[in-house]
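Chemist: My questions all concern the structure below.
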Amino acid sequence: MTDNIILMKKRQNTHTITIPNRTKVVTAILLFLLVFLVYLTITSHYALGYGDSSEMITAAFTKGIPHPPAYPLYMLIGYFFTHIPFLNPAYGLNISSGLFHSLAVVLIYLSSTHLLVYIFDHTKEDESSTILQKNIASIAGSLILAFSYLFFLYSGITEVFPLNDFFIALVLYLCLLFKYFWEKDVKTSYIVFFVLCAAVGLMLSNQQVSILIIPAISIFITALYLQDKKKLWKNIFIAVCGILVSFIFFILPYFYLPTLSHSGSLLSWRNPTSAQDIINIILRKDFGSSGVGGSYNSHIDIGTQFAEIPHYVGFLLNHFLWTFPFALLGIVFILMKKKKKWYGYDIAFLLFFSFLIAGIFLSSYTAIPWDSEAGQATLITDIGIHLRLYLQSEVIFSLFIPIGIFGLIRYLWKKKQTIWIYFAVFLLPISLLGYNWMGVNNSHNDIYEYIAYQTLRTLPSKSFLICFADVDCFSYEYQQQVKGIRKDDVIIIPVSVSKYKTTILQHYPNIFKTKINADQAIIRDIIARDVTSYPIFLSFVPNTTLDAIGVSGNPYYTIPYGYLLKVVKDPGSFTTKQFQESENISKTIDTKLAGITPDERDFSKQSIRQSYAVQHALIAFTLFNEGYADFAQAELQHAKDLQSTNLTPISELDSYMQQYNPGTPVIEDFSYYYQKGTEDLAQNDSKDAEGFLLSALMLNPDDQKTKEYLLLCYQKNGQTNEYSQSKLDINN
């Protein structure tokens, strides 16, 4: 007799009460309809600036390629949802998030029904009441996930994470289904296993952070296969085939990328046409090194890692609120099971280990600046971006909740507290729904589209808009490429211009000629070649970048144009009338921003007012350095009026302007910078010479002598000939 048969006989010694399949199917359908209809009430009709929302909508609609790992499966699905008749593209793709999350909620319900069978054993006398209680606990637990804050929020906006949450829930459910059939029907379990492997492959092609649950799944499957030692080699062969199936389904969506590279979309990252290009995108080459986006702890520091855990627990508590203790109670019920009655040890491992890696480990790996000064625009945005990564751990964590609820129901049932038990249980998700609904409701939140539209509308014809922040850049791209606002009349240059240069040059030949594959070099070349012929505007450019790209007095300057900065050679011509016109452009946006009253946990709504307040401060700083003290004070006051909490950059600028005198613009020509550079180089001051010669090259980008002297500077500064020659385009 095999070990598997022995295990099955052990399971038969205890009577387990399961919910009838018909009941589960009906409940699952009703649950899906209820949750999806609720999600429709909060789904945004607009393209929002949450993370990558506008980028994904634009790329899906235009058959473009978003940032690595390119999300090919999501782009395939997204193309369908952005082309639904009678729906605008943004609303169509936003709806898909609610659809995927509704399906995830159903899968959590189905998984909960399986978990309760494995964890709780009962006698046949109370079978009918137990079935009802298990169903109620499973429904309540899944609804609590549905209306927990972060999960609820991302159910109405475009992001890849709702699809990832669906796959996480699907994979966990298939694991439980595999165990069920492994004990009942081994042949069927093999079919479930291959479906599980296919789901894992598709999951990884959508969002790579989901790889964190793979170790738990692998060990879970391996533990079950090892139970049948007589079929060990057969099981090993099946496992290897399963890995191959996962790889096939992982790589399959990426065959869509070469097709997208020929679509003509301006939003096409690296325009991949070869296998190596696709591999580079999968490996996220030139797009961070964390593999999950955002910042991270690049070295192991045990003290720092453990210090992150209380913050993560606080995150769960803040998002599950008064339902959080039921998850803890569920964990206690699992740990209290006696070994002789416990046949679900592998299930416990699957839940605990996947949550440990996808939640606790990830929270210590990502470097969220929890302890930074509260209220800062960058802090709010940074936390909001990172929290998306915790969604999958919320899905796993929610599986502990129905266990805690059912255990409590059984306890109260024995105490004859039967009248209000079910009412109290359903009050948990209903109260979460009521508490969170206003904070997650983005159905009429058009602030990002409004700002992008107003900005594009006011720009002169045949102008360049160089943007240095993803949120505003992709909002402009959406307005132009999807809605057709100022299409081909305003040339938008994204922050990662080197990644999109192939498609940009296909649409706009000769706007830059440099062969250097670096954002800063391309932007310098665009300004140098086109500023005398076309208006060039900068959006959300940091102070340090202003100097680095040569528009902070070396050799160009900037003047305000609403919330933008216009590149000019001589800022001295900036008049009171022009400043008033600039204020009028930003005034309409300020009025809209001032009307935002964000929920305190909605990081995007909090950060947008703060970000534009800081932008006012940047404009004030620019004006002050160019000698316009009165204009600078007016801009600073706008910043103070707009900030919802005191921002450090604004208060520091206020002190700076009180201590120092306004600057005086100095206008120099090519010969000045060229002469200063060659003189410094002759005196072996290669560092200063480099700065002057770069400025000279901005004024005359094709001058070969300047390039040769710059090459000499790089050699003296310790750079290799090969790198320097490439950097200077010396042979162009």
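Each chain in the structure tokens gets a letter, A, B and so on, in the order shown; residues start at 1 in every chain, and ligands are counted from 1 in the order they appear.
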Hey, which bits of stretch 230-290 of chain A sit within 12 Å of stretch 508-518 of chain A, and for each residue what's the closest pair of atoms and how far apart in Å (one decimal), counting only C-alpha atoms, rows by chain and increasing number, as a Markdown table?

Modeler:
| residue | atom | partner | partner_atom | distance |
| --- | --- | --- | --- | --- |
| A:Leu266 | CA | A:Tyr508 | CA | 10.3 |
| A:Arg270 | CA | A:Asn517 | CA | 11.0 |
| A:Asp286 | CA | A:Ala518 | CA | 10.8 |

Chemist: Which residues are close to A:Ser463, i.e. within 12 Å by only C-alpha atoms, leaving aside same-chain residues fewer than 4 positions away? Reply as a short mmCIF file (atom, residue, chain, number, x, y, z; two decimals) with N, CA, C and O atoms, in the first residue's frame.

Modeler:
data_model
loop_
_atom_site.label_atom_id
_atom_site.label_comp_id
_atom_site.auth_asym_id
_atom_site.auth_seq_id
_atom_site.Cartn_x
_atom_site.Cartn_y
_atom_site.Cartn_z
N LEU A 456 -1.09 71.79 -22.21
CA LEU A 456 -0.89 71.63 -23.65
C LEU A 456 -1.65 72.70 -24.44
O LEU A 456 -1.16 73.20 -25.46
N ARG A 457 -2.83 73.05 -23.97
CA ARG A 457 -3.68 74.00 -24.68
C ARG A 457 -3.02 75.37 -24.82
O ARG A 457 -3.21 76.07 -25.82
N THR A 458 -2.23 75.76 -23.82
CA THR A 458 -1.67 77.11 -23.80
C THR A 458 -0.31 77.21 -24.49
O THR A 458 0.21 78.32 -24.65
N LEU A 459 0.27 76.09 -24.89
CA LEU A 459 1.61 76.13 -25.50
C LEU A 459 1.54 76.70 -26.93
O LEU A 459 0.57 76.47 -27.65
N ARG A 486 -3.38 68.57 -29.45
CA ARG A 486 -2.12 69.15 -29.97
C ARG A 486 -1.20 68.07 -30.56
O ARG A 486 0.03 68.15 -30.43
N LYS A 487 -1.78 67.09 -31.19
CA LYS A 487 -0.99 66.01 -31.76
C LYS A 487 -0.16 66.53 -32.93
O LYS A 487 -0.67 67.23 -33.80
N ASP A 488 1.13 66.23 -32.93
CA ASP A 488 2.09 66.66 -33.96
C ASP A 488 2.31 68.18 -33.97
O ASP A 488 3.00 68.69 -34.84
N ASP A 489 1.71 68.89 -33.03
CA ASP A 489 1.90 70.33 -32.94
C ASP A 489 2.84 70.66 -31.79
O ASP A 489 3.58 71.64 -31.84
N VAL A 490 2.80 69.83 -30.74
CA VAL A 490 3.72 69.95 -29.62
C VAL A 490 4.50 68.65 -29.53
O VAL A 490 3.92 67.57 -29.48
N ILE A 491 5.82 68.73 -29.54
CA ILE A 491 6.67 67.54 -29.45
C ILE A 491 7.01 67.29 -27.99
O ILE A 491 7.67 68.11 -27.35
N ILE A 492 6.53 66.16 -27.46
CA ILE A 492 6.76 65.82 -26.05
C ILE A 492 8.00 64.94 -25.95
O ILE A 492 8.09 63.89 -26.60
N ILE A 493 8.95 65.37 -25.16
CA ILE A 493 10.18 64.61 -24.93
C ILE A 493 10.12 64.05 -23.51
O ILE A 493 10.16 64.80 -22.53
N ILE A 511 15.67 66.21 -34.84
CA ILE A 511 15.53 67.10 -33.69
C ILE A 511 16.74 66.98 -32.76
O ILE A 511 16.98 67.86 -31.94
N ILE A 526 19.08 68.64 -28.06
CA ILE A 526 17.80 69.19 -28.53
C ILE A 526 17.75 70.69 -28.29
O ILE A 526 17.38 71.47 -29.18
N ILE A 527 18.14 71.11 -27.08
CA ILE A 527 18.12 72.54 -26.76
C ILE A 527 19.10 73.30 -27.65
O ILE A 527 18.77 74.36 -28.21
N ASP A 530 17.68 73.40 -31.41
CA ASP A 530 16.33 73.83 -31.75
C ASP A 530 15.85 75.08 -31.03
O ASP A 530 14.81 75.63 -31.39
N VAL A 531 16.60 75.55 -30.02
CA VAL A 531 16.08 76.65 -29.21
C VAL A 531 15.91 77.95 -29.99
O VAL A 531 15.03 78.76 -29.66
N THR A 532 16.70 78.15 -30.99
CA THR A 532 16.57 79.40 -31.77
C THR A 532 15.42 79.34 -32.77
O THR A 532 14.97 80.37 -33.27
N SER A 533 14.93 78.13 -33.06
CA SER A 533 13.87 77.98 -34.06
C SER A 533 12.51 77.68 -33.45
O SER A 533 11.48 78.03 -34.04
N TYR A 534 12.50 77.01 -32.29
CA TYR A 534 11.23 76.58 -31.69
C TYR A 534 11.21 76.91 -30.20
O TYR A 534 12.25 76.86 -29.53
N PRO A 535 10.03 77.21 -29.65
CA PRO A 535 9.93 77.39 -28.19
C PRO A 535 10.15 76.05 -27.48
O PRO A 535 9.57 75.03 -27.88
N ILE A 536 10.99 76.05 -26.46
CA ILE A 536 11.28 74.83 -25.69
C ILE A 536 10.89 75.06 -24.24
O ILE A 536 11.32 76.03 -23.61
N PHE A 537 10.07 74.14 -23.70
CA PHE A 537 9.57 74.26 -22.34
C PHE A 537 10.00 73.04 -21.53
O PHE A 537 10.10 71.92 -22.06
N LEU A 538 10.22 73.27 -20.25
CA LEU A 538 10.61 72.20 -19.32
C LEU A 538 9.52 72.03 -18.27
O LEU A 538 8.98 73.01 -17.76
N LYS A 566 10.37 78.11 -19.61
CA LYS A 566 10.73 78.28 -21.02
C LYS A 566 12.22 78.58 -21.13
O LYS A 566 12.75 79.42 -20.40
N VAL A 567 12.91 77.87 -22.02
CA VAL A 567 14.35 78.06 -22.21
C VAL A 567 14.58 79.30 -23.07
O VAL A 567 14.00 79.44 -24.15
#

Chemist: From the list A:Leu150, A:Val395, A:Val186, A:Ile213, which residue is nearest A:Val105 when using only C-alpha atoms?

Modeler: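 Checking each of A:Leu150, A:Val395, A:Val186, A:Ile213 against A:Val105, counting only C-alpha atoms, the winner is A:Val395.
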
Chemist: Give me the residues within 9 Å of A:Gln479 as a VMD selection string, counting only C-alpha atoms and dropping any in the same chain fewer than 5 places off.

Modeler: chain A and resid 58 449 452 to 453 456 474 484 to 487

Chemist: Hey, can you spit out that residue selection with all heavy atoms as a PDB file, in the first residue's frame?

Modeler:
ATOM      1  N   THR A  58      -2.008  54.698 -22.243  1.00  0.00           N
ATOM      2  CA  THR A  58      -1.495  55.195 -23.525  1.00  0.00           C
ATOM      3  C   THR A  58      -0.816  54.089 -24.321  1.00  0.00           C
ATOM      4  O   THR A  58      -1.045  53.937 -25.523  1.00  0.00           O
ATOM      5  CB  THR A  58      -0.506  56.351 -23.298  1.00  0.00           C
ATOM      6  OG1 THR A  58      -1.129  57.360 -22.497  1.00  0.00           O
ATOM      7  CG2 THR A  58      -0.055  56.958 -24.606  1.00  0.00           C
ATOM      8  N   GLU A 449      -5.864  64.835 -15.839  1.00  0.00           N
ATOM      9  CA  GLU A 449      -6.234  65.166 -17.217  1.00  0.00           C
ATOM     10  C   GLU A 449      -6.423  66.670 -17.376  1.00  0.00           C
ATOM     11  O   GLU A 449      -6.028  67.255 -18.391  1.00  0.00           O
ATOM     12  CB  GLU A 449      -7.517  64.425 -17.618  1.00  0.00           C
ATOM     13  CG  GLU A 449      -7.306  62.953 -17.938  1.00  0.00           C
ATOM     14  CD  GLU A 449      -8.417  62.404 -18.816  1.00  0.00           C
ATOM     15  OE1 GLU A 449      -8.958  63.180 -19.628  1.00  0.00           O
ATOM     16  OE2 GLU A 449      -8.718  61.205 -18.701  1.00  0.00           O
ATOM     17  N   ALA A 452      -2.964  68.435 -17.508  1.00  0.00           N
ATOM     18  CA  ALA A 452      -2.275  68.151 -18.770  1.00  0.00           C
ATOM     19  C   ALA A 452      -2.940  68.876 -19.938  1.00  0.00           C
ATOM     20  O   ALA A 452      -2.261  69.442 -20.798  1.00  0.00           O
ATOM     21  CB  ALA A 452      -2.255  66.640 -19.017  1.00  0.00           C
ATOM     22  N   TYR A 453      -4.263  68.872 -19.961  1.00  0.00           N
ATOM     23  CA  TYR A 453      -4.991  69.537 -21.041  1.00  0.00           C
ATOM     24  C   TYR A 453      -4.745  71.042 -21.018  1.00  0.00           C
ATOM     25  O   TYR A 453      -4.451  71.651 -22.060  1.00  0.00           O
ATOM     26  CB  TYR A 453      -6.493  69.245 -20.926  1.00  0.00           C
ATOM     27  CG  TYR A 453      -7.328  70.075 -21.877  1.00  0.00           C
ATOM     28  CD1 TYR A 453      -7.375  69.772 -23.240  1.00  0.00           C
ATOM     29  CD2 TYR A 453      -8.045  71.175 -21.423  1.00  0.00           C
ATOM     30  CE1 TYR A 453      -8.127  70.545 -24.119  1.00  0.00           C
ATOM     31  CE2 TYR A 453      -8.799  71.952 -22.291  1.00  0.00           C
ATOM     32  CZ  TYR A 453      -8.831  71.639 -23.636  1.00  0.00           C
ATOM     33  OH  TYR A 453      -9.560  72.410 -24.500  1.00  0.00           O
ATOM     34  N   LEU A 456      -1.090  71.792 -22.213  1.00  0.00           N
ATOM     35  CA  LEU A 456      -0.891  71.631 -23.653  1.00  0.00           C
ATOM     36  C   LEU A 456      -1.650  72.700 -24.444  1.00  0.00           C
ATOM     37  O   LEU A 456      -1.164  73.205 -25.463  1.00  0.00           O
ATOM     38  CB  LEU A 456      -1.355  70.238 -24.091  1.00  0.00           C
ATOM     39  CG  LEU A 456      -0.455  69.062 -23.701  1.00  0.00           C
ATOM     40  CD1 LEU A 456      -1.101  67.750 -24.111  1.00  0.00           C
ATOM     41  CD2 LEU A 456       0.920  69.186 -24.343  1.00  0.00           C
ATOM     42  N   PHE A 474       3.489  61.342 -18.685  1.00  0.00           N
ATOM     43  CA  PHE A 474       2.568  60.386 -19.287  1.00  0.00           C
ATOM     44  C   PHE A 474       1.142  60.924 -19.333  1.00  0.00           C
ATOM     45  O   PHE A 474       0.339  60.468 -20.151  1.00  0.00           O
ATOM     46  CB  PHE A 474       2.641  59.048 -18.554  1.00  0.00           C
ATOM     47  CG  PHE A 474       3.954  58.349 -18.749  1.00  0.00           C
ATOM     48  CD1 PHE A 474       4.754  57.988 -17.677  1.00  0.00           C
ATOM     49  CD2 PHE A 474       4.407  58.072 -20.031  1.00  0.00           C
ATOM     50  CE1 PHE A 474       5.970  57.359 -17.875  1.00  0.00           C
ATOM     51  CE2 PHE A 474       5.623  57.437 -20.242  1.00  0.00           C
ATOM     52  CZ  PHE A 474       6.402  57.084 -19.163  1.00  0.00           C
ATOM     53  N   GLY A 484      -5.791  63.059 -28.745  1.00  0.00           N
ATOM     54  CA  GLY A 484      -5.512  63.854 -29.934  1.00  0.00           C
ATOM     55  C   GLY A 484      -5.317  65.337 -29.690  1.00  0.00           C
ATOM     56  O   GLY A 484      -5.401  66.138 -30.619  1.00  0.00           O
ATOM     57  N   ILE A 485      -5.023  65.743 -28.443  1.00  0.00           N
ATOM     58  CA  ILE A 485      -4.831  67.154 -28.107  1.00  0.00           C
ATOM     59  C   ILE A 485      -3.439  67.609 -28.553  1.00  0.00           C
ATOM     60  O   ILE A 485      -2.435  67.073 -28.112  1.00  0.00           O
ATOM     61  CB  ILE A 485      -5.004  67.392 -26.589  1.00  0.00           C
ATOM     62  CG1 ILE A 485      -6.350  66.836 -26.106  1.00  0.00           C
ATOM     63  CG2 ILE A 485      -4.858  68.869 -26.268  1.00  0.00           C
ATOM     64  CD1 ILE A 485      -7.555  67.454 -26.764  1.00  0.00           C
ATOM     65  N   ARG A 486      -3.381  68.569 -29.446  1.00  0.00           N
ATOM     66  CA  ARG A 486      -2.124  69.145 -29.967  1.00  0.00           C
ATOM     67  C   ARG A 486      -1.197  68.070 -30.556  1.00  0.00           C
ATOM     68  O   ARG A 486       0.025  68.148 -30.435  1.00  0.00           O
ATOM     69  CB  ARG A 486      -1.384  69.926 -28.865  1.00  0.00           C
ATOM     70  CG  ARG A 486      -2.168  70.997 -28.172  1.00  0.00           C
ATOM     71  CD  ARG A 486      -2.588  72.125 -29.109  1.00  0.00           C
ATOM     72  NE  ARG A 486      -1.469  72.819 -29.701  1.00  0.00           N
ATOM     73  CZ  ARG A 486      -0.830  73.838 -29.106  1.00  0.00           C
ATOM     74  NH1 ARG A 486      -1.234  74.268 -27.916  1.00  0.00           N
ATOM     75  NH2 ARG A 486       0.167  74.442 -29.704  1.00  0.00           N
ATOM     76  N   LYS A 487      -1.782  67.095 -31.188  1.00  0.00           N
ATOM     77  CA  LYS A 487      -0.990  66.010 -31.764  1.00  0.00           C
ATOM     78  C   LYS A 487      -0.160  66.533 -32.934  1.00  0.00           C
ATOM     79  O   LYS A 487      -0.668  67.226 -33.805  1.00  0.00           O
ATOM     80  CB  LYS A 487      -1.912  64.882 -32.232  1.00  0.00           C
ATOM     81  CG  LYS A 487      -1.188  63.570 -32.507  1.00  0.00           C
ATOM     82  CD  LYS A 487      -2.172  62.437 -32.728  1.00  0.00           C
ATOM     83  CE  LYS A 487      -1.435  61.112 -32.853  1.00  0.00           C
ATOM     84  NZ  LYS A 487      -2.374  59.980 -33.031  1.00  0.00           N
TER      85      LYS A 487
END

Chemist: With a distance cut-off of 8 Å and only C-alpha atoms, select the neighbouring residues of stretch 647-653 of chain A, excluding the residue or stretch itself and same-chain residues fewer than 2 positions from it, and output the selection as a list in words.

Modeler: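 After dropping sequence-adjacent residues, the list is Gly375, Gln376, Ala377, Gln610, Val614, Ala617, Phe621, Leu636, Ala639, Lys640, Gln643, Thr645, Ser655, Tyr656 and Met657 of chain A.
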
Chemist: Can you write out the residues you just picked, keeping N, CA and C atoms, as a short mmCIF file (atom, residue, chain, number, x, y, z; two decimals), in the first residue's frame?

Modeler:
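Listing of part24.cif after writing:
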data_model
loop_
_atom_site.label_atom_id
_atom_site.label_comp_id
_atom_site.auth_asym_id
_atom_site.auth_seq_id
_atom_site.Cartn_x
_atom_site.Cartn_y
_atom_site.Cartn_z
N GLY A 375 4.63 64.88 5.40
CA GLY A 375 4.03 65.97 4.64
C GLY A 375 4.82 66.40 3.42
N GLN A 376 6.03 65.87 3.24
CA GLN A 376 6.81 66.27 2.09
C GLN A 376 6.28 65.61 0.83
N ALA A 377 6.27 66.34 -0.26
CA ALA A 377 5.69 65.84 -1.51
C ALA A 377 6.39 64.57 -1.97
N GLN A 610 0.97 69.12 -3.11
CA GLN A 610 2.31 69.40 -2.60
C GLN A 610 3.33 69.53 -3.73
N VAL A 614 5.60 72.86 -4.62
CA VAL A 614 7.06 72.85 -4.77
C VAL A 614 7.46 73.41 -6.13
N ALA A 617 7.66 76.98 -5.95
CA ALA A 617 8.90 77.37 -5.26
C ALA A 617 10.11 77.30 -6.20
N PHE A 621 12.57 80.35 -7.15
CA PHE A 621 14.03 80.27 -7.02
C PHE A 621 14.71 80.69 -8.33
N LEU A 636 6.56 82.59 -4.65
CA LEU A 636 6.72 81.96 -3.34
C LEU A 636 5.41 82.01 -2.55
N ALA A 639 3.18 79.35 -3.69
CA ALA A 639 3.59 78.06 -3.13
C ALA A 639 3.05 77.90 -1.71
N LYS A 640 3.15 78.94 -0.90
CA LYS A 640 2.66 78.88 0.47
C LYS A 640 1.14 78.68 0.51
N GLN A 643 0.32 74.82 -0.62
CA GLN A 643 0.74 73.68 0.20
C GLN A 643 -0.34 73.35 1.25
N THR A 645 0.29 71.18 3.80
CA THR A 645 1.06 71.17 5.04
C THR A 645 2.38 71.87 4.76
N SER A 655 13.72 81.51 3.59
CA SER A 655 14.89 81.98 4.34
C SER A 655 16.00 82.43 3.41
N TYR A 656 16.22 81.68 2.35
CA TYR A 656 17.27 82.00 1.38
C TYR A 656 17.03 83.37 0.75
N MET A 657 15.79 83.63 0.35
CA MET A 657 15.46 84.89 -0.32
C MET A 657 15.55 86.08 0.63
#

Chemist: Using DSSP on the backbone coordinates, identify all residues within stretch 496-551 of chain A classified as strand (DSSP E or B); present the result as a list in words.

Modeler: Ile536, Phe537, Leu538 and Ser539 of chain A

Chemist: Those same residues - C-alpha atoms - I'd like them written as a PDB file, in the first residue's frame.

Modeler:
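Produced file out-v9.pdb, reproduced below:
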ATOM      1  CA  ILE A 536      11.279  74.832 -25.694  1.00  0.00           C
ATOM      2  CA  PHE A 537       9.570  74.261 -22.337  1.00  0.00           C
ATOM      3  CA  LEU A 538      10.612  72.202 -19.319  1.00  0.00           C
ATOM      4  CA  SER A 539       8.173  70.496 -16.948  1.00  0.00           C
TER       5      SER A 539
END

Chemist: According to DSSP computed on the backbone, where in stretch 76-312 of chain A is there alpha helix (DSSP H)? Give the residues as an NGL selection string.

Modeler: :A and (76-81 or 89-119 or 127-146 or 149-153 or 161-184 or 186-206 or 214-225 or 232-251 or 257-261 or 275-282 or 302-312)

Chemist: How many Å lie between atom CA of A:Phe61 and atom CA of A:Leu389, rounded to one decimal?

Modeler: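 We find that atom CA of A:Phe61 and atom CA of A:Leu389 lie 24.9 Å from each other.
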
Chemist: Would you list the contacts of A:Ile403 as number ranges by chain, taking every protein, DNA or RNA residue within 12 Å and counting only C-alpha atoms, but skipping same-chain residues closer than 5 positions in sequence?

Modeler: A: 109, 111-120, 133-142, 325-335, 348, 397-398, 408-410

Chemist: Which residue is closest to A:Ser246? Choose from A:Ile219, A:Leu143, A:Leu204, A:Leu387 and count only C-alpha atoms.

Modeler: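 Looking only at the distances to A:Ser246, the closest residue turns out to be A:Leu204.
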